[in-house]
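A short write-up of the structure that comes next.
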Amino acid sequence: MTQLDSLVSAFANLMWGPFLLFLLVGGGLYFTFYCRFTPFRYFQHGLDILLGKFDREDDPGDINHFQALSSALAGTVGMGNISGVAVAIHTGGPGALFWMWVSAMVGMSTKFFTCTLSILFRGEDDQGQLQGGPMYVIQEGLGKKFKPLAILFSSAGIIGCLPMFQANQLTQFARESILIPSGLFPSNINTGNLVIGILIAILVSMVILGGIKRIGLIAGKLVPFMVSLYLLAGLTIVIKNITELTSVVTLIFHDAFTGQAVMGGVVGEVIRQGIRRAVFSNEAGLGTEALAHGAAKTTEPIREGLVAMLGPFIDTILVCSITAIVIIVSGAWTTDLNGVSMTAQAFSTELGVVGTIVLSICVITFSITTMFGQSYYGAKCTGFLFGAKSKMYYNYFYISSTIIGATVSISFVINLIDGMYAVMAIPTMTSAIMLSPKVMTEARRYFSDLNPSAEK
């Protein structure tokens with residue numbers, strides 16, 4: 001397994017080289033300036049759309065704007081926010097958080113473009129069902145000669161959207177907080193991991209086999225609850241340590257440009273880890289977000305783009321920042337712990353038993369809802385490649401992969417998913433940049449109708 005770990009790690013590091021970082025950040029900056037900061041100027045309008053002020057039941061699509069964002073957040077607000085941030089700090093130091101912020105800010109514009117396109121260029125599957133996502137954007141927007149890009153995205157999406165990271169971290173949390181303290185499976189912890197993996201598989205199967213409507217319904221109820229609970233606990237810790245907040249922020253900014261805290265001055269690695277973990281968390285530019293938002297009930301592509309751009313703000317600016325600050329003020333980042341164990345240590349140190357209970361609830365809901373959302377992404381990729389009927393078989397493969405994720409190393413899982421995410425980003429960002437004038441044409445029309453004097 002060590003040789004396989006090394007191979008997958010080399011693949012992930014190769015894919016997350018300077019080119020991809022430039023494509024994601026440079027592309028995001030291009031979108032931000034090209035649209036004249038639309039996501040920030042129309043932030044309130046995006047909230048109005050999210051709250052249902054423009055919903056029409058007879059619009060084409062499967063789920064409303066709120067359920068679309070909840071489904072997308074179900075796929076992004078997950079273990080990446082709890083353990084992924086810890087991985088970033090463990091590997092790149094506190095300064096990685098600054099580059100996560102940068103990635104999230106430009107990611108808001110990226111999602112505005114990619115998710116507007118997912119509605120603007122919806123296509124139909126082989127059963128005539130309306131579908132959205134980067135593969136349909138490429139096929140419908142760029143034409144058949146670019147279909148290899150659509151195939152590349154979908155092929156990588158089948159693996160990249162598997163729930164192995166969430167299953168791995170949920171298993172690690174259950175092992176360290178339940179199995180070991182209770183003395184279960186003391187002689188063979190691998191058996192315990194397998195049992196947990198099977199239980200996760202059963203739970204996930206009860207939801208994802210019901211399709212996007214069931215996923216959207218459950219996500220719409222669970223996601224707001226879990227985000228609010230997590231933020232409340234995190235803010236309690238921040239307020240408790242409010243006198244240290246200035247020194248924490250200073251450390252983050254200082255380390256962002258020196259890398260001295262962990263990487264010994266390798267600033268490039270701090271930047272790479274921050275952007276890599278931010279993209280892993282909020283998925284801006286990967287294309288997965290466009291798969292969820294492409295199912296929204298709307299005839300106005302810009303509306304869904306404005307709803308989608310709220311995702312990185314909630315996911316990274318709010319949730320990831322809370323996690324990072326809690327880890328830093330607690331001192332957990334200076335330990336040898338990594339992943340969810342580091343975050344658990346931080347919450348336990350600051351809030352005692354209450355912190356452990358709150359984090360336990362959040363770990364379970366975050367990881368499970370992420371598995372719900374990502375199953376839909378992988379199924380759509382499978383349907384595009386092999387036909388709509390193949391989605392059922394993918395779901396069984398997806399459920400089985402939770403057991404694999406529960407029993408392999410975190411390094412193997414995170415490098416495999418990271419590598420596939422990188423592959424998915426290339427066709428997503430390429431097509432979005434090429435079709436960006438179409439988005440701006442649509443934006444001028446929409447905002448002119450919304451407020452005739454706003455866009456001239």
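Ligands are numbered from 1 in the order shown, chains are lettered A, B, ... in the order of the structure tokens, and residues start at 1 in each chain.
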- Query: Skipping near chain neighbours, those fewer than 5 positions away, what residues fall within 10 Å of Ala104 in chain A using only C-alpha atoms, listed as JSON, numbers by chain?
  - Reply: {"A": [25, 28, 98, 99, 109, 110, 111, 275, 278, 279, 281, 282, 283, 284, 309, 311, 312, 313, 314, 315, 316, 317]}
- Skipping near chain neighbours, those fewer than 6 positions away, what residues fall within 10 Å of range 163-168 of chain A using only C-alpha atoms, listed as a PyMOL selection string? chain A and resi 75+78-80+83-84+174+193+196-197+200-201+204+363-364+366-375+378+398-417
Those residues you just picked out, can you put them in a file as a short mmCIF file (atom, residue, chain, number, x, y, z; two decimals), in the first residue's frame with N, CA and C atoms?
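Result file is again06.cif:
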data_model
loop_
_atom_site.label_atom_id
_atom_site.label_comp_id
_atom_site.auth_asym_id
_atom_site.auth_seq_id
_atom_site.Cartn_x
_atom_site.Cartn_y
_atom_site.Cartn_z
N GLY A 75 -22.55 19.24 -0.52
CA GLY A 75 -21.37 18.64 -1.11
C GLY A 75 -20.08 19.34 -0.77
N GLY A 78 -18.47 20.27 4.54
CA GLY A 78 -18.32 18.91 5.06
C GLY A 78 -17.02 18.76 5.81
N MET A 79 -16.42 17.60 5.66
CA MET A 79 -15.18 17.33 6.38
C MET A 79 -14.03 18.20 5.90
N GLY A 80 -14.17 18.78 4.70
CA GLY A 80 -13.17 19.73 4.24
C GLY A 80 -13.10 20.95 5.14
N SER A 83 -11.87 18.95 8.92
CA SER A 83 -10.55 18.31 8.89
C SER A 83 -9.66 18.85 7.78
N GLY A 84 -10.26 19.30 6.66
CA GLY A 84 -9.46 19.82 5.56
C GLY A 84 -8.69 21.06 5.96
N ALA A 174 -14.96 8.37 14.69
CA ALA A 174 -15.69 7.36 15.46
C ALA A 174 -14.73 6.40 16.17
N ASN A 193 -12.97 -0.47 11.79
CA ASN A 193 -13.11 0.44 10.65
C ASN A 193 -14.09 -0.12 9.62
N ILE A 196 -17.70 0.25 10.86
CA ILE A 196 -18.15 1.64 10.73
C ILE A 196 -18.44 1.96 9.27
N GLY A 197 -17.57 1.50 8.37
CA GLY A 197 -17.77 1.73 6.94
C GLY A 197 -19.07 1.14 6.44
N ILE A 200 -21.96 3.29 7.64
CA ILE A 200 -22.04 4.51 6.84
C ILE A 200 -22.69 4.22 5.50
N ALA A 201 -22.31 3.12 4.89
CA ALA A 201 -22.86 2.74 3.58
C ALA A 201 -24.37 2.54 3.66
N VAL A 204 -26.06 6.07 4.02
CA VAL A 204 -25.99 6.85 2.79
C VAL A 204 -26.96 6.30 1.74
N VAL A 363 -19.57 16.70 12.91
CA VAL A 363 -18.80 15.75 12.09
C VAL A 363 -19.75 14.78 11.39
N ILE A 364 -20.70 14.27 12.13
CA ILE A 364 -21.64 13.30 11.56
C ILE A 364 -22.49 13.95 10.47
N PHE A 366 -22.02 16.91 8.85
CA PHE A 366 -21.21 17.45 7.76
C PHE A 366 -20.80 16.33 6.79
N SER A 367 -20.28 15.26 7.33
CA SER A 367 -19.76 14.19 6.46
C SER A 367 -20.87 13.46 5.73
N ILE A 368 -21.97 13.19 6.42
CA ILE A 368 -23.07 12.46 5.79
C ILE A 368 -23.73 13.29 4.70
N THR A 369 -24.02 14.57 4.97
CA THR A 369 -24.67 15.39 3.95
C THR A 369 -23.76 15.62 2.74
N THR A 370 -22.46 15.67 2.98
CA THR A 370 -21.53 15.78 1.85
C THR A 370 -21.63 14.55 0.96
N MET A 371 -21.73 13.39 1.59
CA MET A 371 -21.88 12.16 0.82
C MET A 371 -23.18 12.15 0.02
N PHE A 372 -24.24 12.75 0.57
CA PHE A 372 -25.50 12.84 -0.16
C PHE A 372 -25.32 13.66 -1.44
N GLY A 373 -24.72 14.86 -1.29
CA GLY A 373 -24.58 15.76 -2.43
C GLY A 373 -23.66 15.22 -3.50
N GLN A 374 -22.53 14.65 -3.09
CA GLN A 374 -21.56 14.20 -4.08
C GLN A 374 -22.03 12.97 -4.86
N SER A 375 -22.93 12.21 -4.29
CA SER A 375 -23.45 11.05 -5.02
C SER A 375 -24.18 11.50 -6.28
N GLY A 378 -21.50 12.43 -9.06
CA GLY A 378 -20.92 11.27 -9.72
C GLY A 378 -21.91 10.55 -10.61
N TYR A 398 -20.83 3.77 -5.62
CA TYR A 398 -20.61 4.89 -4.71
C TYR A 398 -20.78 4.43 -3.26
N ILE A 399 -21.84 3.72 -2.99
CA ILE A 399 -22.11 3.23 -1.63
C ILE A 399 -20.99 2.30 -1.18
N SER A 400 -20.53 1.44 -2.07
CA SER A 400 -19.46 0.50 -1.73
C SER A 400 -18.15 1.23 -1.42
N SER A 401 -17.92 2.37 -2.09
CA SER A 401 -16.67 3.09 -1.90
C SER A 401 -16.56 3.69 -0.50
N THR A 402 -17.68 3.86 0.21
CA THR A 402 -17.60 4.36 1.58
C THR A 402 -16.86 3.35 2.46
N ILE A 403 -17.04 2.08 2.17
CA ILE A 403 -16.36 1.03 2.93
C ILE A 403 -14.86 1.06 2.64
N ILE A 404 -14.51 1.28 1.36
CA ILE A 404 -13.10 1.38 1.00
C ILE A 404 -12.46 2.58 1.70
N GLY A 405 -13.16 3.73 1.67
CA GLY A 405 -12.64 4.93 2.30
C GLY A 405 -12.43 4.77 3.79
N ALA A 406 -13.27 3.96 4.42
CA ALA A 406 -13.17 3.76 5.87
C ALA A 406 -11.98 2.89 6.26
N THR A 407 -11.42 2.17 5.31
CA THR A 407 -10.39 1.19 5.65
C THR A 407 -9.01 1.48 5.07
N VAL A 408 -8.86 2.58 4.32
CA VAL A 408 -7.54 2.92 3.77
C VAL A 408 -6.99 4.16 4.46
N SER A 409 -5.75 4.53 4.12
CA SER A 409 -5.10 5.66 4.80
C SER A 409 -5.64 7.00 4.31
N ILE A 410 -5.55 8.02 5.17
CA ILE A 410 -6.02 9.35 4.80
C ILE A 410 -5.18 9.93 3.67
N SER A 411 -3.88 9.63 3.63
CA SER A 411 -3.02 10.17 2.58
C SER A 411 -3.43 9.66 1.21
N PHE A 412 -3.75 8.37 1.13
CA PHE A 412 -4.20 7.79 -0.14
C PHE A 412 -5.49 8.45 -0.60
N VAL A 413 -6.45 8.57 0.32
CA VAL A 413 -7.76 9.11 -0.02
C VAL A 413 -7.66 10.56 -0.47
N ILE A 414 -6.99 11.39 0.30
CA ILE A 414 -6.98 12.82 0.01
C ILE A 414 -6.19 13.12 -1.26
N ASN A 415 -5.14 12.36 -1.54
CA ASN A 415 -4.37 12.58 -2.77
C ASN A 415 -5.13 12.10 -4.00
N LEU A 416 -5.86 10.99 -3.87
CA LEU A 416 -6.66 10.49 -4.99
C LEU A 416 -7.74 11.50 -5.37
N ILE A 417 -8.49 11.97 -4.37
CA ILE A 417 -9.57 12.91 -4.65
C ILE A 417 -9.01 14.25 -5.13
#
- Once DSSP has gone over the backbone, tell me which residues of range 255-410 of chain A are in alpha helix (DSSP H), as a ChimeraX atom specification. /A:255-258,267-282,288-293,301-308,310-312,321-330,340-386,391-407,410
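Of the listed residues (A:Leu245, A:Ile302, A:Leu229, A:Leu310), A:Leu229 comes nearest to Ile357 in chain A; the distances count only C-alpha atoms.
Using only C-alpha atoms, the smallest distance between any of A:Cys362, A:Val227, A:Ile138, A:Val195 and Ala432 in chain A comes from A:Ile138.
For the set A:Pro181, A:Ile189, A:Leu194, A:Thr236, the residue with the smallest atom-to-atom gap to Gly355 in chain A is A:Thr236, counting only C-alpha atoms.
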- Query: Distance CA of Gly92 in chain A-CA of Gly107 in chain A, one decimal place?
  - Reply: 20.3 Å
- Contacts of Gly305 in chain A at 6 Å (only C-alpha atoms; same-chain gap of 5+ positions) as a ChimeraX atom specification: /A:112,115-116
Keeping only N, CA and C atoms, write those residues as an mmCIF file, in the first residue's frame.
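Here's the written file result_19.cif:
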data_model
loop_
_atom_site.group_PDB
_atom_site.id
_atom_site.type_symbol
_atom_site.label_atom_id
_atom_site.label_comp_id
_atom_site.auth_asym_id
_atom_site.auth_seq_id
_atom_site.Cartn_x
_atom_site.Cartn_y
_atom_site.Cartn_z
ATOM 1 N N PHE A 112 -20.101 32.276 -9.939
ATOM 2 C CA PHE A 112 -21.097 33.070 -10.656
ATOM 3 C C PHE A 112 -21.089 32.706 -12.140
ATOM 4 N N CYS A 115 -21.863 28.583 -12.751
ATOM 5 C CA CYS A 115 -23.237 28.162 -12.456
ATOM 6 C C CYS A 115 -24.263 28.902 -13.300
ATOM 7 N N THR A 116 -23.926 30.110 -13.749
ATOM 8 C CA THR A 116 -24.777 30.766 -14.750
ATOM 9 C C THR A 116 -24.756 29.950 -16.035
#
- Note on the structure: Ser118 in chain A proximity check over A:Tyr136, A:Phe146, A:Phe11, A:Phe257, using only C-alpha atoms: winner is A:Tyr136
- Task: For Ile327 in chain A, please output as an MDAnalysis selection string all residues within 9 Å (counting only C-alpha atoms; exclusion window: fewer than 6 positions along the same chain).
- Result: chainID A and resid 86 89 333 342:343 345:347
